[in-house]
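Novice: Below is one structure. I have some questions about it.
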Amino acid sequence: MAYLELKNIRKSYFLGKEEFPVLKGIDLNFDLGDFVSILGESGGGKSTLMNIIGGLDRNFSGEVLVKGKLLDHKQEKELDRYRRETIGYRPCLGL
Ligand SMILES: Nc1ncnc2c1ncn2[C@@H]1O[C@H](COP(=O)(O)OP(=O)(O)OP(=O)(O)O)[C@@H](O)[C@H]1O
Ligand SMILES: [Mg+2]
């Protein structure tokens, strides 16, 4: 079992009623200690995906599992705990 699993992650932005799909069914697994780069063209959806992984964006479909347990993005406290204890960002000082 992977430490962090993304299953069929989908997200669109809307301009009025027009849908702009950004993430179209992302499946990814991360093991503890993995060193991973997410590469893609500008506007490809990297930041959108990171916001979902980081528990900052709840408005998407699909599943995020941590150690096999479904993270419920509707549960504010659960998400707070996830951000506090499990996931974090630090600025990239290179590049
Ligand atoms: N809040 C928003 N409202 C509407 N559209 C958005 C919003 N945020 C991002 N988008 C659109 O979603 C798409 C993906 O954007 P995103 O910022 O995730 O790409 P990115 O891969 O991080 O790009 P970059 O390499 O420039 O940082 C782009 O077409 C962008 O214009
Ligand atoms: Mg970005």
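Labels for the structure tokens follow display order: chains A, B, ..., residues from 1 in each chain, ligands from 1.
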Any chance you could list, as JSON, numbers by chain, the residues in chain A that come up helix (DSSP H, G or I) when DSSP is run on the backbone?
Specialist: {"A": [46, 47, 48, 49, 50, 51, 52, 53, 76, 77, 78, 79, 80, 81, 82, 83, 84, 85]}
Novice: Would you mind listing the residues within 10 Å of ligand 2, counting only C-alpha atoms and all ligand atoms, as a list in words?
Specialist: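 Residues satisfying the distance criterion: Gly40, Glu41, Ser42, Gly43, Gly44, Gly45, Lys46, Ser47, Thr48, Leu49, Met50 and Asn51 of chain A.
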Novice: Limited to N, CA, C and O atoms, could you put the picked residues into a file as a PDB file, in the first residue's frame?
Specialist:
```
ATOM      1  N   GLY A  40       5.472  19.657 -16.208  1.00  0.00           N
ATOM      2  CA  GLY A  40       4.430  19.855 -17.209  1.00  0.00           C
ATOM      3  C   GLY A  40       4.441  21.287 -17.690  1.00  0.00           C
ATOM      4  O   GLY A  40       4.980  22.177 -17.021  1.00  0.00           O
ATOM      5  N   GLU A  41       3.822  21.506 -18.813  1.00  0.00           N
ATOM      6  CA  GLU A  41       3.810  22.847 -19.392  1.00  0.00           C
ATOM      7  C   GLU A  41       3.047  23.819 -18.488  1.00  0.00           C
ATOM      8  O   GLU A  41       2.225  23.396 -17.658  1.00  0.00           O
ATOM      9  N   SER A  42       3.327  25.102 -18.659  1.00  0.00           N
ATOM     10  CA  SER A  42       2.624  26.117 -17.897  1.00  0.00           C
ATOM     11  C   SER A  42       1.118  26.014 -18.183  1.00  0.00           C
ATOM     12  O   SER A  42       0.706  25.928 -19.342  1.00  0.00           O
ATOM     13  N   GLY A  43       0.337  26.002 -17.125  1.00  0.00           N
ATOM     14  CA  GLY A  43      -1.111  25.866 -17.286  1.00  0.00           C
ATOM     15  C   GLY A  43      -1.562  24.419 -17.362  1.00  0.00           C
ATOM     16  O   GLY A  43      -2.744  24.125 -17.547  1.00  0.00           O
ATOM     17  N   GLY A  44      -0.623  23.507 -17.188  1.00  0.00           N
ATOM     18  CA  GLY A  44      -0.951  22.081 -17.307  1.00  0.00           C
ATOM     19  C   GLY A  44      -1.666  21.515 -16.096  1.00  0.00           C
ATOM     20  O   GLY A  44      -2.204  20.406 -16.166  1.00  0.00           O
ATOM     21  N   GLY A  45      -1.644  22.243 -14.967  1.00  0.00           N
ATOM     22  CA  GLY A  45      -2.395  21.779 -13.802  1.00  0.00           C
ATOM     23  C   GLY A  45      -1.538  21.356 -12.623  1.00  0.00           C
ATOM     24  O   GLY A  45      -2.057  20.791 -11.655  1.00  0.00           O
ATOM     25  N   LYS A  46      -0.241  21.666 -12.642  1.00  0.00           N
ATOM     26  CA  LYS A  46       0.637  21.242 -11.535  1.00  0.00           C
ATOM     27  C   LYS A  46       0.218  21.880 -10.210  1.00  0.00           C
ATOM     28  O   LYS A  46       0.083  21.183  -9.201  1.00  0.00           O
ATOM     29  N   SER A  47       0.019  23.188 -10.221  1.00  0.00           N
ATOM     30  CA  SER A  47      -0.362  23.868  -8.972  1.00  0.00           C
ATOM     31  C   SER A  47      -1.743  23.422  -8.522  1.00  0.00           C
ATOM     32  O   SER A  47      -1.991  23.263  -7.316  1.00  0.00           O
ATOM     33  N   THR A  48      -2.614  23.215  -9.468  1.00  0.00           N
ATOM     34  CA  THR A  48      -3.961  22.723  -9.137  1.00  0.00           C
ATOM     35  C   THR A  48      -3.859  21.373  -8.419  1.00  0.00           C
ATOM     36  O   THR A  48      -4.513  21.150  -7.392  1.00  0.00           O
ATOM     37  N   LEU A  49      -3.003  20.516  -8.925  1.00  0.00           N
ATOM     38  CA  LEU A  49      -2.815  19.196  -8.303  1.00  0.00           C
ATOM     39  C   LEU A  49      -2.175  19.339  -6.921  1.00  0.00           C
ATOM     40  O   LEU A  49      -2.598  18.677  -5.962  1.00  0.00           O
ATOM     41  N   MET A  50      -1.171  20.208  -6.808  1.00  0.00           N
ATOM     42  CA  MET A  50      -0.510  20.399  -5.511  1.00  0.00           C
ATOM     43  C   MET A  50      -1.474  20.942  -4.463  1.00  0.00           C
ATOM     44  O   MET A  50      -1.394  20.589  -3.288  1.00  0.00           O
ATOM     45  N   ASN A  51      -2.386  21.805  -4.881  1.00  0.00           N
ATOM     46  CA  ASN A  51      -3.382  22.333  -3.938  1.00  0.00           C
ATOM     47  C   ASN A  51      -4.300  21.226  -3.425  1.00  0.00           C
ATOM     48  O   ASN A  51      -4.744  21.263  -2.275  1.00  0.00           O
TER      49      ASN A  51
END
```
Novice: Can you list, as a list in words, every protein, DNA or RNA residue that comes within 12 Å of segment 72-78 of chain A when you count only C-alpha atoms, leaving out same-chain residues fewer than 5 positions away?
Specialist: Ile52, Ile53, Gly54, Gly55, Leu56, Asp57, Arg58, Asn59, Phe60, Ser61, Gly62, Glu63, Val64, Leu65, Val66, Arg83, Arg84, Glu85 and Thr86 of chain A
Novice: Quick one: DSSP strand (DSSP E or B) residues in segment 14-83 of chain A, as a list in words?
Specialist: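 Written out, the strand (DSSP E or B) residues of segment 14-83 of chain A are Phe14, Leu15, Glu18, Glu19, Phe20, Pro21, Val22, Leu23, Lys24, Gly25, Ile26, Asp27, Leu28, Asn29, Phe30, Ser61, Gly62, Glu63, Val64, Leu65, Val66, Lys69 and Leu70 of chain A.
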Novice: Just to be explicit: take each residue in the selection above, keep C-alpha atoms, and write the result as a JSON list (two decimals), in the first residue's frame.
Specialist:
```
[["chain", "number", "residue", "atom", "x", "y", "z"],
["A", 14, "PHE", "CA", -15.69, 27.16, -15.21],
["A", 15, "LEU", "CA", -16.10, 30.41, -17.08],
["A", 18, "GLU", "CA", -18.22, 26.73, -20.06],
["A", 19, "GLU", "CA", -16.12, 23.97, -18.53],
["A", 20, "PHE", "CA", -12.34, 23.93, -18.73],
["A", 21, "PRO", "CA", -11.10, 20.53, -17.57],
["A", 22, "VAL", "CA", -7.65, 20.78, -16.00],
["A", 23, "LEU", "CA", -7.13, 17.45, -14.25],
["A", 24, "LYS", "CA", -8.68, 14.60, -16.19],
["A", 25, "GLY", "CA", -8.33, 11.50, -14.07],
["A", 26, "ILE", "CA", -5.00, 11.56, -12.28],
["A", 27, "ASP", "CA", -3.83, 8.31, -10.66],
["A", 28, "LEU", "CA", -0.61, 8.54, -8.66],
["A", 29, "ASN", "CA", 0.99, 6.66, -5.79],
["A", 30, "PHE", "CA", 3.71, 7.98, -3.50],
["A", 61, "SER", "CA", -13.64, 14.70, -7.66],
["A", 62, "GLY", "CA", -11.69, 11.55, -7.02],
["A", 63, "GLU", "CA", -10.02, 10.16, -3.93],
["A", 64, "VAL", "CA", -6.99, 10.98, -1.83],
["A", 65, "LEU", "CA", -5.93, 8.15, 0.46],
["A", 66, "VAL", "CA", -3.35, 8.43, 3.22],
["A", 69, "LYS", "CA", -7.53, 5.66, 4.50],
["A", 70, "LEU", "CA", -9.77, 7.93, 2.50]]
```
Novice: Between atom CA of Leu93 of chain A and atom CA of Ser37 of chain A, what distance in Å does the model show, to one decimal?
Specialist: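 Separation of atom CA of Leu93 of chain A and atom CA of Ser37 of chain A: 15.1 Å.
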Novice: Between atom CA of Ile9 of chain A and atom 16 (P, counted along the ligand's line) of ligand 1, what is the spacing in Å?
Specialist: 14.5 Å
Novice: Quick one: distance from atom CA of Leu71 of chain A to atom CA of Leu6 of chain A in Å, one decimal?
Specialist: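 Value for the atom CA of Leu71 of chain A-atom CA of Leu6 of chain A distance: 10.4 Å.
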Novice: Of the residues A:Gly33, A:Gly88, A:Gly68, A:Gly16, which is the one nearest to ligand 1, using only C-alpha atoms and all ligand atoms?
Specialist: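 Ranked by minimum distance to ligand 1, first place goes to A:Gly16.
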Novice: Which one of A:Leu32, A:Leu79, A:Ile38, A:Leu4 sits closest to ligand 1 if you count only C-alpha atoms and all ligand atoms?
Specialist: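 Distance minimum relative to ligand 1 lands on A:Ile38.
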